[in-house]
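Participant: Right, I'll just put the structure down here and ask away after.
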Amino acid sequence: MLAIQAAGGPKRKLVALEMVERGIARDGYPVLSLDGEQIGTITSGSPAPFLKTNIAYAYVPTAFAASGADVLVQVRANQVRAKQVLAPFYRRVKK
């Protein structure tokens, strides 16, 4: 940990993604900037029936994660738009 801090901190960050368009991001799919440049990789993704959407986690550069910008996920031959959201995806209502 000290070595990582001495080198300027972590180079990438785990972000939560919610798919805006139709498509399911799966483990290993590339994450692209809106310009089409590969910036990261999906670590896990799945449909979320309770949320009525598809969700995923991905590693992206820390500067890109801080911006909160939308991304594209390469799902087979299609580029599907996704937005960064706060994790966890679901928060229970306090009684």
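Residue numbers start at 1 in each chain; chains themselves are named A, B, ... in the order of the structure tokens; ligands are numbered from 1 in the order shown.
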Excluding range 75-89 of chain A and residues on its chain fewer than 5 positions from it, collect all residues at most 6 Å away from it, counting only C-alpha atoms, and give them as number ranges by chain.
Facilitator: A: 16-21, 68, 70
Participant: Would you put the residues from that selection into a file with C-alpha atoms, as a CSV table (one decimal), in the first residue's frame?
Facilitator:
chain,number,residue,atom,x,y,z
A,16,ALA,CA,-20.6,0.8,-10.9
A,17,LEU,CA,-22.3,1.1,-14.3
A,18,GLU,CA,-26.0,1.0,-15.3
A,19,MET,CA,-26.7,0.2,-18.9
A,20,VAL,CA,-28.7,2.9,-20.7
A,21,GLU,CA,-29.2,0.9,-23.9
A,68,GLY,CA,-18.6,10.6,-13.8
A,70,ASP,CA,-20.9,8.1,-19.6
Participant: As JSON, numbers by chain, please: every residue in chain A that DSSP puts in strand (DSSP E or B).
Facilitator: {"A": [12, 13, 14, 15, 16, 17, 18, 19, 30, 31, 32, 38, 39, 40, 41, 42, 43, 44, 45, 46, 47, 48, 53, 54, 55, 56, 57, 58, 59, 60, 61, 71, 72, 73, 74, 75, 78, 79, 80, 81, 82, 83, 84, 85]}
Participant: If you count only C-alpha atoms, which residues fall within 10 Å of Leu34 in chain A, apart from same-chain ones fewer than 2 positions away, as a PyMOL selection string?
Facilitator: chain A and resi 31-32+36-38+69-73+79+81
Participant: Apply DSSP to the structure's backbone, then extract all residues of chain A labelled alpha helix (DSSP H) and return them as JSON, numbers by chain.
Facilitator: {"A": [2, 3, 4, 5, 6, 62, 63, 64, 65, 66, 67]}
Participant: Enter the distance from CA of Ala66 in chain A to CA of Leu14 in chain A, in Å, rounded to one decimal.
Facilitator: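 A separation of 11.0 Å between them.
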Participant: In Å, how far is it from CA of Gly28 in chain A to CA of Asn54 in chain A?
Facilitator: 15.9 Å
